[in-house]
Every structure is written in C-alpha cells, then in structure tokens.
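Undergrad: Please read through the structure below; I'll follow up with questions.
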Amino acid sequence: MSAVAVLPLAYLIGSIPFSFLVARRFGVSDVRRVGSGNVGATNVLRSAGRTAGALAFLLDAAKGAGAVALARALGAPEPVAVASAVAAILGHVFPVWLSFRGGKGVATGAGAFLPLVPLGAGAGLLVFAFVLRTTRYVAVASICGACAVPLAAWLLGTSEPVVAAAAAVALLIVWTHRTNLRRLATGTEARIGDRA
C-alpha cells in the first residue's frame with residue numbers, strides 16, 4: 001500500500017474531533033468557546049469534568065495508535081507507518097472538520113508512538129506524570145513528556161525515522177503550547193484542577 005493512499009487515511013483518522021464530541025455529550029455545546037478554547041482533553045477536563053477529560057484523552061490517543069495499526073494492517077512499510085503517526089497528529093492539530101483548529105497533539109502523539117517505540121512512549125508518559133504532579137502545569141508536563149520521547153527513542157537505539165518523527169512532533173507540541181508558554185511567563189497559566 002502506497003503512502004499516497006495510507007497518509008490521507010491517517011490524517012482523517014486524526015481529524016476525528018473526539019474531544020469536541022465528548023464535551024458536547026457531557027453538556028458543553030462547543031468546547032472551543034470555553035476555557036482555553038482548545039479542542040483537547042485538558043480543556044474538556046476543565047469544562048466537562050474528569051470523566052469527560054479521561055474519555056477524550058483515551059479516544060484521542062486511540063486515533064494515533066489506530067493510524068499506525070491501519071498502516072501496518074494495509075501492508076505499508078515501517079517508514080510509512082511512522083509517517084502515518086505524524087499524519088494522524090497533524091490531523092488532530094489541524095482537523096478538516098473544525099476549520100483546521102484542533103488540539104495540541106499530546107494525547108494523539110502518545111497513542112501514535114506507543115506502537116512504534118513502546119518504551120520511549122512509556123518514558124514520555126512517566127515524565128509527563130512526574131512533571132504534572134510536581135508543577136500542576138499541564139503545558140509544562142506536555143512539553144517535557146513530548147521532548148522525552150525522541151531522547152528515549154534515541155537512547156534505546158530505535159530506527160532513525162522514529163527518532164526523527166518523535167523529534168519533529170516534540171517541536172510541534174512546543175509550538176502548539178506557545179500561548180501557554182507566554183502565560184507561564186506572565187504568571188497567568190492555569191494549573192490542573194482549575195475549572196474553565
């Protein structure tokens with residue numbers, strides 16, 4: 001199966017706006033109009049509660065893993081499976097269904113790299129959990145966790161395409177958190193547990 005066929009499918013899987021749909025199911029008509037305005041699990045958590053936030057995170061992560069699984073099931077070579085992971089993350093960040101205004105790519109990224117480099121993704125999740133517990137800033141935890149994945153993948157001797165893709169996604173996640181970084185600099189960034 002050529003990348004021409006697989007990558008658009010991976011992008012469309014990533015574009016499914018689960019966080020938007022979960023928030024609506026839990027009574028928030030448009031999560032883009034509350035809190036940070038972001039279509040991601042953290043804003044769903046703050047605006048619709050813990051159950052909704054957890055469900056949004058799991059479904060967004062499943063998109064990333066599903067895109068990789070689909071590429072492999074269709075017989076795509078491993079570099080295309082890696083590219084499918086990136087395509088799904090781009091679909092989440094720039095979803096066609098929501099005028100290309102999506103989430104920040106953290107949950108989908110975690111799901112996408114879990115089948116590609118399980119220990120590396122696990123290290124990223126551990127770093128995320130530790131930093132979140134220490135600082136209570138989701139943005140800081142997300143950036144640290146994302147940056148841990150390519151480092152762990154490199155230390156584990158993972159293939160160059162996976163390491164390069166993880167590094168590119170880490171840079172994307174830093175970029176998607178640019179407004180959070182500005183709020184951190186001014187002391188106005190919300191901590192986990194704050195309501196929208």
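Labels for the structure tokens follow display order: chains A, B, ..., residues from 1 in each chain, ligands from 1.
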Residues near Leu55 (chain A), anyone? I mean within 12 Å using only C-alpha atoms, not counting same-chain ones fewer than 6 positions away, as a list in words.
TA: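 After dropping sequence-adjacent residues, the list is Phe18, Ser19, Phe20, Leu21, Val22, Ala23, Arg25, Phe26, Gly40, Ala41, Thr42, Val44, Leu45, Ala48, Gly49, Ala61, Ala62 and Ala107 of chain A.
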Undergrad: Using N, CA and C atoms, can you write the selected residues to a file as a PDB file, in the first residue's frame?
TA:
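Resulting contents of again.pdb:
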ATOM      1  N   PHE A  18     -12.757  13.943  18.602  1.00  0.00           N
ATOM      2  CA  PHE A  18     -13.317  13.255  19.761  1.00  0.00           C
ATOM      3  C   PHE A  18     -13.510  14.178  20.958  1.00  0.00           C
ATOM      4  N   SER A  19     -12.544  15.042  21.226  1.00  0.00           N
ATOM      5  CA  SER A  19     -12.675  15.934  22.382  1.00  0.00           C
ATOM      6  C   SER A  19     -13.888  16.847  22.235  1.00  0.00           C
ATOM      7  N   PHE A  20     -14.088  17.363  21.039  1.00  0.00           N
ATOM      8  CA  PHE A  20     -15.255  18.205  20.762  1.00  0.00           C
ATOM      9  C   PHE A  20     -16.543  17.415  20.987  1.00  0.00           C
ATOM     10  N   LEU A  21     -16.576  16.166  20.476  1.00  0.00           N
ATOM     11  CA  LEU A  21     -17.784  15.343  20.578  1.00  0.00           C
ATOM     12  C   LEU A  21     -18.041  14.885  22.008  1.00  0.00           C
ATOM     13  N   VAL A  22     -16.991  14.529  22.728  1.00  0.00           N
ATOM     14  CA  VAL A  22     -17.151  14.113  24.127  1.00  0.00           C
ATOM     15  C   VAL A  22     -17.663  15.267  24.966  1.00  0.00           C
ATOM     16  N   ALA A  23     -17.076  16.449  24.787  1.00  0.00           N
ATOM     17  CA  ALA A  23     -17.526  17.620  25.545  1.00  0.00           C
ATOM     18  C   ALA A  23     -18.997  17.898  25.273  1.00  0.00           C
ATOM     19  N   ARG A  25     -21.236  15.722  24.373  1.00  0.00           N
ATOM     20  CA  ARG A  25     -22.018  14.654  25.021  1.00  0.00           C
ATOM     21  C   ARG A  25     -22.179  14.912  26.512  1.00  0.00           C
ATOM     22  N   PHE A  26     -21.206  15.597  27.113  1.00  0.00           N
ATOM     23  CA  PHE A  26     -21.256  15.888  28.544  1.00  0.00           C
ATOM     24  C   PHE A  26     -21.796  17.290  28.839  1.00  0.00           C
ATOM     25  N   GLY A  40      -9.022  19.897  23.079  1.00  0.00           N
ATOM     26  CA  GLY A  40      -8.164  18.855  23.607  1.00  0.00           C
ATOM     27  C   GLY A  40      -8.660  18.370  24.947  1.00  0.00           C
ATOM     28  N   ALA A  41      -8.037  17.306  25.435  1.00  0.00           N
ATOM     29  CA  ALA A  41      -8.512  16.643  26.646  1.00  0.00           C
ATOM     30  C   ALA A  41      -8.442  17.555  27.871  1.00  0.00           C
ATOM     31  N   THR A  42      -7.419  18.405  27.969  1.00  0.00           N
ATOM     32  CA  THR A  42      -7.297  19.260  29.153  1.00  0.00           C
ATOM     33  C   THR A  42      -8.447  20.247  29.246  1.00  0.00           C
ATOM     34  N   VAL A  44     -11.356  19.847  27.887  1.00  0.00           N
ATOM     35  CA  VAL A  44     -12.551  19.044  28.173  1.00  0.00           C
ATOM     36  C   VAL A  44     -12.615  18.730  29.663  1.00  0.00           C
ATOM     37  N   LEU A  45     -11.473  18.377  30.257  1.00  0.00           N
ATOM     38  CA  LEU A  45     -11.411  18.112  31.699  1.00  0.00           C
ATOM     39  C   LEU A  45     -11.901  19.308  32.492  1.00  0.00           C
ATOM     40  N   ALA A  48     -15.842  20.037  31.287  1.00  0.00           N
ATOM     41  CA  ALA A  48     -16.882  18.999  31.366  1.00  0.00           C
ATOM     42  C   ALA A  48     -16.633  17.962  32.447  1.00  0.00           C
ATOM     43  N   GLY A  49     -15.504  18.036  33.140  1.00  0.00           N
ATOM     44  CA  GLY A  49     -15.261  17.132  34.259  1.00  0.00           C
ATOM     45  C   GLY A  49     -14.252  16.036  33.968  1.00  0.00           C
ATOM     46  N   ALA A  61      -5.896   9.436  22.018  1.00  0.00           N
ATOM     47  CA  ALA A  61      -4.733   8.554  21.934  1.00  0.00           C
ATOM     48  C   ALA A  61      -5.010   7.392  20.984  1.00  0.00           C
ATOM     49  N   ALA A  62      -6.228   6.883  21.018  1.00  0.00           N
ATOM     50  CA  ALA A  62      -6.590   5.764  20.148  1.00  0.00           C
ATOM     51  C   ALA A  62      -6.488   6.136  18.675  1.00  0.00           C
ATOM     52  N   ALA A 107      -2.131  13.880  23.426  1.00  0.00           N
ATOM     53  CA  ALA A 107      -2.739  12.555  23.581  1.00  0.00           C
ATOM     54  C   ALA A 107      -2.585  11.734  22.306  1.00  0.00           C
TER      55      ALA A 107
END
Undergrad: For Val34 (chain A), please output as a PyMOL selection string all residues within 9 Å (counting only C-alpha atoms; exclusion window: fewer than 3 positions along the same chain).
TA: chain A and resi 28+30-31+37-38+43+47+196
Undergrad: Could you turn the residues from that selection into a file that holds C-alpha atoms, as a CSV table (one decimal), in the first residue's frame?
TA:
chain,number,residue,atom,x,y,z
A,28,VAL,CA,-20.6,21.6,26.7
A,30,ASP,CA,-18.8,23.9,21.9
A,31,VAL,CA,-15.6,23.4,23.8
A,37,GLY,CA,-10.8,27.4,23.6
A,38,ASN,CA,-8.6,24.4,22.8
A,43,ASN,CA,-9.9,21.8,28.2
A,47,SER,CA,-15.1,22.4,31.2
A,196,ALA,CA,-12.8,26.6,32.8
Undergrad: List the spatial neighbours of Ala110 (chain A) as a PyMOL selection string - criterion: any atom at most 10 Å away, only C-alpha atoms, same-chain residues fewer than 3 positions off excluded.
TA: chain A and resi 57-58+60-65+85+89+105-107+113-115+118+120-122+124-125+145-146+149
Undergrad: Just write the chosen residues, C-alpha atoms, as a PDB file, in the first residue's frame.
TA:
ATOM      1  CA  PHE A  57      -7.697  11.615  26.251  1.00  0.00           C
ATOM      2  CA  LEU A  58      -8.197   7.899  25.609  1.00  0.00           C
ATOM      3  CA  ASP A  60      -7.552  10.969  21.099  1.00  0.00           C
ATOM      4  CA  ALA A  61      -4.733   8.554  21.934  1.00  0.00           C
ATOM      5  CA  ALA A  62      -6.590   5.764  20.148  1.00  0.00           C
ATOM      6  CA  LYS A  63      -6.569   7.855  16.959  1.00  0.00           C
ATOM      7  CA  GLY A  64      -2.789   7.877  16.898  1.00  0.00           C
ATOM      8  CA  ALA A  65      -2.446   4.180  17.634  1.00  0.00           C
ATOM      9  CA  ALA A  85       1.664   8.537  13.045  1.00  0.00           C
ATOM     10  CA  ILE A  89      -1.118  14.014  14.872  1.00  0.00           C
ATOM     11  CA  GLY A 105      -1.303  16.836  19.768  1.00  0.00           C
ATOM     12  CA  VAL A 106      -0.258  15.410  23.140  1.00  0.00           C
ATOM     13  CA  ALA A 107      -2.739  12.555  23.581  1.00  0.00           C
ATOM     14  CA  PHE A 113       4.269   6.470  19.335  1.00  0.00           C
ATOM     15  CA  LEU A 114       3.144   3.739  21.720  1.00  0.00           C
ATOM     16  CA  PRO A 115       3.142   1.037  18.990  1.00  0.00           C
ATOM     17  CA  PRO A 118       6.642   1.443  23.452  1.00  0.00           C
ATOM     18  CA  GLY A 120      10.068   5.547  24.603  1.00  0.00           C
ATOM     19  CA  ALA A 121       6.393   6.468  24.735  1.00  0.00           C
ATOM     20  CA  GLY A 122       6.196   4.995  28.220  1.00  0.00           C
ATOM     21  CA  GLY A 124       7.363  10.187  27.902  1.00  0.00           C
ATOM     22  CA  LEU A 125       4.231   9.366  29.862  1.00  0.00           C
ATOM     23  CA  GLY A 145       6.925  14.463  28.122  1.00  0.00           C
ATOM     24  CA  ALA A 146       6.990  15.122  24.383  1.00  0.00           C
ATOM     25  CA  VAL A 149      10.150  10.572  23.691  1.00  0.00           C
TER      26      VAL A 149
END
Undergrad: Hey, what's within 10 Å of region 162-175 of chain A if we count only C-alpha atoms and toss same-chain stuff fewer than 2 positions away? As a count of residues only, please?
TA: 47
Undergrad: Counting only C-alpha atoms, which of A:Ala129, A:Thr186, A:Thr108, A:Ala56 gets nearest to Arg24 (chain A)?
TA: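 Of A:Ala129, A:Thr186, A:Thr108, A:Ala56, the one nearest Arg24 (chain A) is A:Ala56, counting only C-alpha atoms.
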Undergrad: Fewer than 2 positions away in the same chain doesn't count, so skip those; otherwise give me all residues within 10 Å of Leu70 (chain A), counting only C-alpha atoms, as a PyMOL selection string.
TA: chain A and resi 6+9-10+13+65-68+72-76+81+84
Undergrad: What is the CA of Ser15 (chain A)-CA of Arg33 (chain A) distance in Å, reported with one decimal?
TA: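 Spanning CA of Ser15 (chain A) to CA of Arg33 (chain A) is a straight-line distance of 19.1 Å.
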Undergrad: Please, what distance in Å, to one decimal, runs between CA of Leu132 (chain A) and CA of Ala69 (chain A)?
TA: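 Interatomic distance, CA of Leu132 (chain A) to CA of Ala69 (chain A): 29.2 Å.
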Undergrad: Please identify which residues in region 156-185 of chain A DSSP calls alpha helix (DSSP H) from the backbone, and express them as a ChimeraX atom specification.
TA: /A:160-176,178-185
Undergrad: Keeping only C-alpha atoms, write the selected residues as a PDB file, in the first residue's frame.
TA:
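Output (again.pdb):
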ATOM      1  CA  GLU A 160      16.164   6.858  12.637  1.00  0.00           C
ATOM      2  CA  PRO A 161      12.701   7.512  11.113  1.00  0.00           C
ATOM      3  CA  VAL A 162      11.050   7.003  14.503  1.00  0.00           C
ATOM      4  CA  VAL A 163      13.566   9.228  16.302  1.00  0.00           C
ATOM      5  CA  ALA A 164      13.240  11.941  13.642  1.00  0.00           C
ATOM      6  CA  ALA A 165       9.431  11.770  13.713  1.00  0.00           C
ATOM      7  CA  ALA A 166       9.370  11.931  17.517  1.00  0.00           C
ATOM      8  CA  ALA A 167      11.687  14.951  17.459  1.00  0.00           C
ATOM      9  CA  ALA A 168       9.523  16.692  14.854  1.00  0.00           C
ATOM     10  CA  VAL A 169       6.376  16.019  16.873  1.00  0.00           C
ATOM     11  CA  ALA A 170       8.063  17.300  20.041  1.00  0.00           C
ATOM     12  CA  LEU A 171       8.831  20.567  18.235  1.00  0.00           C
ATOM     13  CA  LEU A 172       5.225  20.722  17.022  1.00  0.00           C
ATOM     14  CA  ILE A 173       3.954  20.240  20.568  1.00  0.00           C
ATOM     15  CA  VAL A 174       6.214  23.011  21.842  1.00  0.00           C
ATOM     16  CA  TRP A 175       4.784  25.244  19.090  1.00  0.00           C
ATOM     17  CA  THR A 176       1.159  24.350  19.896  1.00  0.00           C
ATOM     18  CA  ARG A 178       3.278  28.777  22.596  1.00  0.00           C
ATOM     19  CA  THR A 179       0.367  30.674  24.182  1.00  0.00           C
ATOM     20  CA  ASN A 180       0.730  28.577  27.343  1.00  0.00           C
ATOM     21  CA  LEU A 181       4.413  29.492  27.461  1.00  0.00           C
ATOM     22  CA  ARG A 182       3.521  33.165  27.208  1.00  0.00           C
ATOM     23  CA  ARG A 183       1.006  32.766  30.059  1.00  0.00           C
ATOM     24  CA  LEU A 184       3.619  30.925  32.126  1.00  0.00           C
ATOM     25  CA  ALA A 185       5.974  33.851  31.614  1.00  0.00           C
TER      26      ALA A 185
END
